[in-house]
Amino acid sequence: MMRLVLSDIRMQASMWLWTLVCAAVGAACSAGSVIAMFTAVSAARAAGDTRMSSASIALGGNIVFFTLFAAVGIVASAVGLTLKTQRREHALWVILGIPRNRVRRILRTELMVLGTIAGALAVPPAPLVAGIALDQWTATGLDLHGATVGFELWHVGVAVLFGVVPCLLGGWGVTRRAARTPEMRAFRDLSDPPARPGAARSVLALCLLAGVVGMWIPGLGLELEGGVEQRTAFAFAGDLFLICLALLMGPWVLTPLMKLWTALVPSRSVTWHLAVQSCRARAARSVTTVLPFALSLSFVGLFMVMGNVMPGSTAGLGDVMVVLGWVFVVSWVGGLAVIALVGRERTRDSAVVTVAGARPGVVTRSTIYEGAIYAGTAILFGAISIAVTSATIAAGARISLARVLNGLPWETLGALAAVTLLTTCLALALQAARASRTVAARALRS
């Protein structure tokens with residue numbers, strides 16, 4: 001079986017490469033955050049500074065949580081999309097006589113191999129990430145007592161763990177569905193099949209929903225001993241659970257949101273129509289592309305709202321980046337990797353439109369419009385998140401919503417939205433330029 005696993009990885013190397021990049025970057029950032037936290041705590045305890053030890057655990061724990069959440073979500077989406085793109089090859093295995101349960105084991109073994117490779121690639125940069133994180137913490141005023149990062153053997157285990165776990169989480173359900181999918185359905189491949197929440201996703205969604213309700217009840221409706229700060233913290237936690245829930249249920253949140261706002265655009269342009277229909281037909285591709293940018297924008301908005309409300313806090317981008325800097329790295333690399341990952345599929349779609357009689361300029365503009373749709377969906381999701389978090393945190397802090405909104409750094413938020421739009425459109429424009437140089441007949445045969 002191992003020979004087939006390695007052979008399949010080599011044959012599909014061009015597709016697995018971008019998933020490997022996502023997993024390696026996610027593992028490096030997550031492992032680096034863990035290394036930084038334990039290094040800071042060890043230095044503080046060696047100096048007998050319990051206050052700084054507690055502060056390092058609190059700050060490091062938040063950074064690890066957000067970075068790991070981003071890495072798991074983005075890598076899982078990329079792995080799922082990669083396996084869905086290969087469903088024809090998996091159907092061929094079944095036709096050739098390989099039992100379905102063995103197909104499932106082969107695919108999961110592939111994910112373990114790729115996760116291990118990603119973790120190994122993350123070992124060298126993880127200490128560098130930890131060093132940068134410690135420098136950021138020192139710049140915020142934490143006295144880390146000269147803590148420095150040195151290589152230790154457990155760093156390898158952490159990096160490999162953070163490489164393997166996201167790959168397995170992302171591909172566990174997809175491998176099960178790949179082994180069960182009827183062969184002829186896999187070969188039709190006219191559009192993405194309707195998404196269905198699996199048992200694990202449903203249980204996790206219910207837990208997050210319980211967290212939202214459990215945090216909002218005391219944060220918005222009760223008088224607590226801790227006063228305003230405690231109520232605001234509960235409201236913040238509820239908003240965090242809500243954003244995680246919305247992103248977890250991405251196919252049932254981001255897809256309707258994309259369909260809704262694109263339907264409201266009063267355009268009769270053929271290129272816009274092609275872009276909209278392409279995004280709707282390839283729903284899994286669209287959600288996977290939107291997810292990284294929606295995640296980063298919603299998290300930034302949440303922290304800026306919280307920093308604007310809490311006494312003594314700031315809503316500046318520099319302070320937010322201390323906690324979410326690695327989330328940005330993982331999200332942006334993941335978003336670009338997903339765009340590159342589906343390049344062959346998008347090239348084939350463009351070839352179909354070209355053979356049907358469309359001019360190259362139509363295909364190029366349509367592809368760029370796809371980037372605008374992805375960015376617009378992510379920006380709209382971030383705006384809705386800011387609206388909800390502003391309302392709930394304002395209610396928890398017992399201040400007016402207008403005061404919260406007026407205090408937000410709208411110039412910074414606008415700049416982040418513009419960068420998101422520029423990133424997706426430019427990446428897809430480069431992909432469209434490459435596709436325009438490809439012979440249509442050759443693209444359809446690939």
# chains A, B, ... in the order shown; residues from 1 in each chain; ligands from 1
>>> closest_atom_pairs(of="region 135-159 of chain A", to="region 40-64 of chain A", cutoff="10 Å", atoms="only C-alpha atoms", output="tab-separated table")
residue	atom	partner	partner_atom	distance
A:Trp137	CA	A:Leu59	CA	8.6
A:Leu142	CA	A:Met52	CA	7.3
A:Asp143	CA	A:Met52	CA	7.1
A:Leu144	CA	A:Ala40	CA	6.0
A:His145	CA	A:Ala43	CA	6.2
A:Gly146	CA	A:Ala43	CA	7.5
A:Ala147	CA	A:Ala43	CA	5.6
A:Thr148	CA	A:Ala40	CA	8.2
A:Val149	CA	A:Ala40	CA	9.1
>>> write_last_selection(atoms="N, CA, C and O atoms", output="compact mmCIF listing (two decimals), in the first residue's frame")
# COMPACT_ATOMS: atom_id res chain seq x y z
N TRP A 137 6.52 40.67 21.81
CA TRP A 137 6.05 40.74 23.19
C TRP A 137 6.89 41.72 24.01
O TRP A 137 6.36 42.44 24.84
N LEU A 142 6.42 43.69 27.90
CA LEU A 142 6.65 42.53 28.75
C LEU A 142 8.14 42.35 29.00
O LEU A 142 8.94 42.40 28.06
N ASP A 143 8.50 42.15 30.25
CA ASP A 143 9.89 41.88 30.61
C ASP A 143 10.10 40.37 30.59
O ASP A 143 9.72 39.66 31.53
N LEU A 144 10.70 39.87 29.54
CA LEU A 144 10.86 38.43 29.36
C LEU A 144 12.16 37.92 29.95
O LEU A 144 12.53 36.76 29.73
N HIS A 145 12.89 38.77 30.68
CA HIS A 145 14.10 38.37 31.39
C HIS A 145 15.13 37.75 30.45
O HIS A 145 15.76 36.74 30.76
N GLY A 146 15.26 38.36 29.27
CA GLY A 146 16.26 37.91 28.31
C GLY A 146 16.00 36.55 27.71
O GLY A 146 16.95 35.84 27.33
N ALA A 147 14.76 36.16 27.60
CA ALA A 147 14.42 34.85 27.04
C ALA A 147 14.85 34.76 25.58
O ALA A 147 14.59 35.66 24.78
N THR A 148 15.53 33.71 25.25
CA THR A 148 15.97 33.46 23.87
C THR A 148 15.56 32.05 23.47
O THR A 148 15.44 31.16 24.31
N VAL A 149 15.38 31.87 22.18
CA VAL A 149 14.93 30.59 21.66
C VAL A 149 16.13 29.75 21.26
O VAL A 149 16.96 30.19 20.45
>>> select_by_dssp(residues="region 9-238 of chain A", states="helix (DSSP H, G or I)", output="VMD selection string")
chain A and resid 9 to 11 13 to 46 50 to 85 87 to 95 100 to 122 125 to 139 153 to 180 183 to 188 199 to 221 227 to 238
>>> closest_residue(among="A:Gly157, A:Gly301, A:Gly131, A:Gly335", to="Ile386 (chain A)", atoms="only C-alpha atoms")
A:Gly301
>>> residues_around(residues="Val327 (chain A)", least_positions_apart="4", cutoff="10 Å", atoms="only C-alpha atoms", output="mmCIF file with N, CA, C and O atoms, in the first residue's frame")
data_model
loop_
_atom_site.group_PDB
_atom_site.id
_atom_site.type_symbol
_atom_site.label_atom_id
_atom_site.label_comp_id
_atom_site.auth_asym_id
_atom_site.auth_seq_id
_atom_site.Cartn_x
_atom_site.Cartn_y
_atom_site.Cartn_z
ATOM 1 N N GLY A 26 1.323 26.847 8.193
ATOM 2 C CA GLY A 26 0.488 26.750 9.386
ATOM 3 C C GLY A 26 1.205 26.066 10.527
ATOM 4 O O GLY A 26 1.117 26.503 11.690
ATOM 5 N N CYS A 29 3.978 28.497 11.975
ATOM 6 C CA CYS A 29 3.432 29.588 12.788
ATOM 7 C C CYS A 29 2.845 29.070 14.101
ATOM 8 O O CYS A 29 3.041 29.673 15.160
ATOM 9 N N SER A 30 2.129 27.951 14.050
ATOM 10 C CA SER A 30 1.530 27.391 15.262
ATOM 11 C C SER A 30 2.610 26.883 16.218
ATOM 12 O O SER A 30 2.584 27.175 17.418
ATOM 13 N N ILE A 63 -2.519 33.820 21.426
ATOM 14 C CA ILE A 63 -1.865 33.762 20.112
ATOM 15 C C ILE A 63 -1.884 32.337 19.562
ATOM 16 O O ILE A 63 -2.173 32.112 18.378
ATOM 17 N N VAL A 64 -1.591 31.370 20.426
ATOM 18 C CA VAL A 64 -1.606 29.966 19.993
ATOM 19 C C VAL A 64 -3.003 29.562 19.535
ATOM 20 O O VAL A 64 -3.174 28.907 18.500
ATOM 21 N N PHE A 65 -4.030 29.970 20.290
ATOM 22 C CA PHE A 65 -5.394 29.592 19.926
ATOM 23 C C PHE A 65 -5.777 30.139 18.560
ATOM 24 O O PHE A 65 -6.246 29.391 17.688
ATOM 25 N N PHE A 66 -5.580 31.435 18.353
ATOM 26 C CA PHE A 66 -6.002 32.034 17.090
ATOM 27 C C PHE A 66 -5.172 31.517 15.914
ATOM 28 O O PHE A 66 -5.710 31.258 14.837
ATOM 29 N N THR A 67 -3.867 31.346 16.128
ATOM 30 C CA THR A 67 -3.019 30.850 15.042
ATOM 31 C C THR A 67 -3.367 29.415 14.697
ATOM 32 O O THR A 67 -3.475 29.052 13.510
ATOM 33 N N LEU A 68 -3.557 28.584 15.722
ATOM 34 C CA LEU A 68 -3.882 27.185 15.469
ATOM 35 C C LEU A 68 -5.262 27.055 14.835
ATOM 36 O O LEU A 68 -5.462 26.234 13.929
ATOM 37 N N PHE A 69 -6.223 27.871 15.278
ATOM 38 C CA PHE A 69 -7.548 27.827 14.675
ATOM 39 C C PHE A 69 -7.483 28.178 13.191
ATOM 40 O O PHE A 69 -8.094 27.517 12.350
ATOM 41 N N ALA A 70 -6.726 29.241 12.878
ATOM 42 C CA ALA A 70 -6.584 29.634 11.472
ATOM 43 C C ALA A 70 -5.902 28.538 10.663
ATOM 44 O O ALA A 70 -6.325 28.217 9.542
ATOM 45 N N ALA A 71 -4.842 27.957 11.227
ATOM 46 C CA ALA A 71 -4.103 26.926 10.499
ATOM 47 C C ALA A 71 -4.972 25.706 10.242
ATOM 48 O O ALA A 71 -5.006 25.174 9.116
ATOM 49 N N PRO A 292 -10.031 32.043 4.042
ATOM 50 C CA PRO A 292 -8.882 32.650 4.711
ATOM 51 C C PRO A 292 -9.015 34.159 4.892
ATOM 52 O O PRO A 292 -8.677 34.698 5.962
ATOM 53 N N LEU A 295 -11.733 35.017 7.484
ATOM 54 C CA LEU A 295 -11.252 34.741 8.837
ATOM 55 C C LEU A 295 -10.396 35.877 9.369
ATOM 56 O O LEU A 295 -10.617 36.368 10.485
ATOM 57 N N SER A 296 -9.417 36.308 8.582
ATOM 58 C CA SER A 296 -8.519 37.360 9.056
ATOM 59 C C SER A 296 -9.253 38.684 9.248
ATOM 60 O O SER A 296 -9.047 39.377 10.261
ATOM 61 N N PHE A 299 -11.551 38.496 12.441
ATOM 62 C CA PHE A 299 -10.778 38.513 13.679
ATOM 63 C C PHE A 299 -10.206 39.897 13.961
ATOM 64 O O PHE A 299 -10.212 40.367 15.104
ATOM 65 N N VAL A 300 -9.692 40.554 12.921
ATOM 66 C CA VAL A 300 -9.167 41.912 13.108
ATOM 67 C C VAL A 300 -10.273 42.848 13.568
ATOM 68 O O VAL A 300 -10.091 43.661 14.490
ATOM 69 N N MET A 321 -1.877 43.226 15.636
ATOM 70 C CA MET A 321 -0.970 42.326 14.934
ATOM 71 C C MET A 321 -0.111 41.512 15.887
ATOM 72 O O MET A 321 0.417 40.456 15.501
ATOM 73 N N VAL A 323 -1.211 39.866 18.374
ATOM 74 C CA VAL A 323 -1.985 38.647 18.591
ATOM 75 C C VAL A 323 -2.306 37.952 17.275
ATOM 76 O O VAL A 323 -2.268 36.722 17.181
ATOM 77 N N SER A 331 -3.340 33.050 6.828
ATOM 78 C CA SER A 331 -4.510 33.312 5.988
ATOM 79 C C SER A 331 -4.112 33.735 4.584
ATOM 80 O O SER A 331 -4.659 33.225 3.596
ATOM 81 N N TRP A 332 -3.179 34.664 4.480
ATOM 82 C CA TRP A 332 -2.821 35.161 3.153
ATOM 83 C C TRP A 332 -2.098 34.092 2.342
ATOM 84 O O TRP A 332 -2.362 33.933 1.151
ATOM 85 N N VAL A 333 -1.194 33.357 2.963
ATOM 86 C CA VAL A 333 -0.537 32.259 2.248
ATOM 87 C C VAL A 333 -1.561 31.214 1.840
ATOM 88 O O VAL A 333 -1.538 30.699 0.715
#
>>> closest_residue(among="A:Ile35, A:Val419, A:Val228, A:Leu169", to="Arg201 (chain A)", atoms="only C-alpha atoms")
A:Leu169
>>> closest_residue(among="A:Leu248, A:Val212, A:Leu20, A:Trp272", to="Pro197 (chain A)", atoms="only C-alpha atoms")
A:Leu248
>>> atom_distance(atom1="CA of Met112 (chain A)", atom2="CA of Phe162 (chain A)")
11.4 Å
>>> closest_atom_pairs(of="region 288-339 of chain A", to="region 387-391 of chain A", cutoff="12 Å", atoms="only C-alpha atoms", output="Markdown table")
| residue | atom | partner | partner_atom | distance |
| --- | --- | --- | --- | --- |
| A:Ser298 | CA | A:Thr389 | CA | 9.6 |
| A:Phe299 | CA | A:Thr389 | CA | 10.4 |
| A:Val300 | CA | A:Thr389 | CA | 11.3 |
| A:Gly301 | CA | A:Thr389 | CA | 8.3 |
| A:Leu302 | CA | A:Thr389 | CA | 6.3 |
| A:Phe303 | CA | A:Thr389 | CA | 9.5 |
| A:Met304 | CA | A:Ser390 | CA | 9.6 |
| A:Val305 | CA | A:Ser390 | CA | 6.1 |
| A:Met306 | CA | A:Ser390 | CA | 8.3 |
| A:Gly307 | CA | A:Ser390 | CA | 11.1 |
| A:Asn308 | CA | A:Ser390 | CA | 9.7 |
| A:Val309 | CA | A:Ser390 | CA | 9.2 |
>>> write_last_selection(atoms="C-alpha atoms", output="compact mmCIF listing (two decimals), in the first residue's frame")
# COMPACT_ATOMS: atom_id res chain seq x y z
CA SER A 298 -13.42 39.18 11.02
CA PHE A 299 -10.78 38.51 13.68
CA VAL A 300 -9.17 41.91 13.11
CA GLY A 301 -12.55 43.62 13.35
CA LEU A 302 -13.35 41.79 16.59
CA PHE A 303 -10.09 42.80 18.25
CA MET A 304 -10.37 46.40 17.08
CA VAL A 305 -13.87 46.67 18.52
CA MET A 306 -12.68 45.19 21.81
CA GLY A 307 -9.65 47.46 21.92
CA ASN A 308 -11.90 50.46 21.32
CA VAL A 309 -14.16 49.59 24.26
>>> atom_distance(atom1="CA of Ala91 (chain A)", atom2="CA of Leu6 (chain A)")
18.4 Å
>>> residues_around(residues="Arg434 (chain A)", least_positions_apart="5", cutoff="10 Å", atoms="only C-alpha atoms", output="ChimeraX atom specification")
/A:343,347,364,428-429
>>> residues_around(residues="Thr262 (chain A)", least_positions_apart="6", cutoff="12 Å", atoms="only C-alpha atoms", output="list in words")
Thr255, Pro256, Arg268, Trp272, His273, Leu274, Ala275, Val276, Gln277, Cys279, Arg280, Tyr369, Glu370, Ala372, Ile373, Tyr374, Ala375, Gly376, Thr377 and Leu380 of chain A
>>> atom_distance(atom1="CA of Thr85 (chain A)", atom2="CA of Ile368 (chain A)")
21.9 Å
>>> residues_around(residues="region 125-129 of chain A", least_positions_apart="4", cutoff="12 Å", atoms="only C-alpha atoms", output="MDAnalysis selection string")
chainID A and resid 24:39 67 118:121 133:136 148:160 162:163 325:326 329
>>> closest_residue(among="A:Ala237, A:Val270, A:Val338, A:Ala432", to="Val21 (chain A)", atoms="only C-alpha atoms")
A:Val338
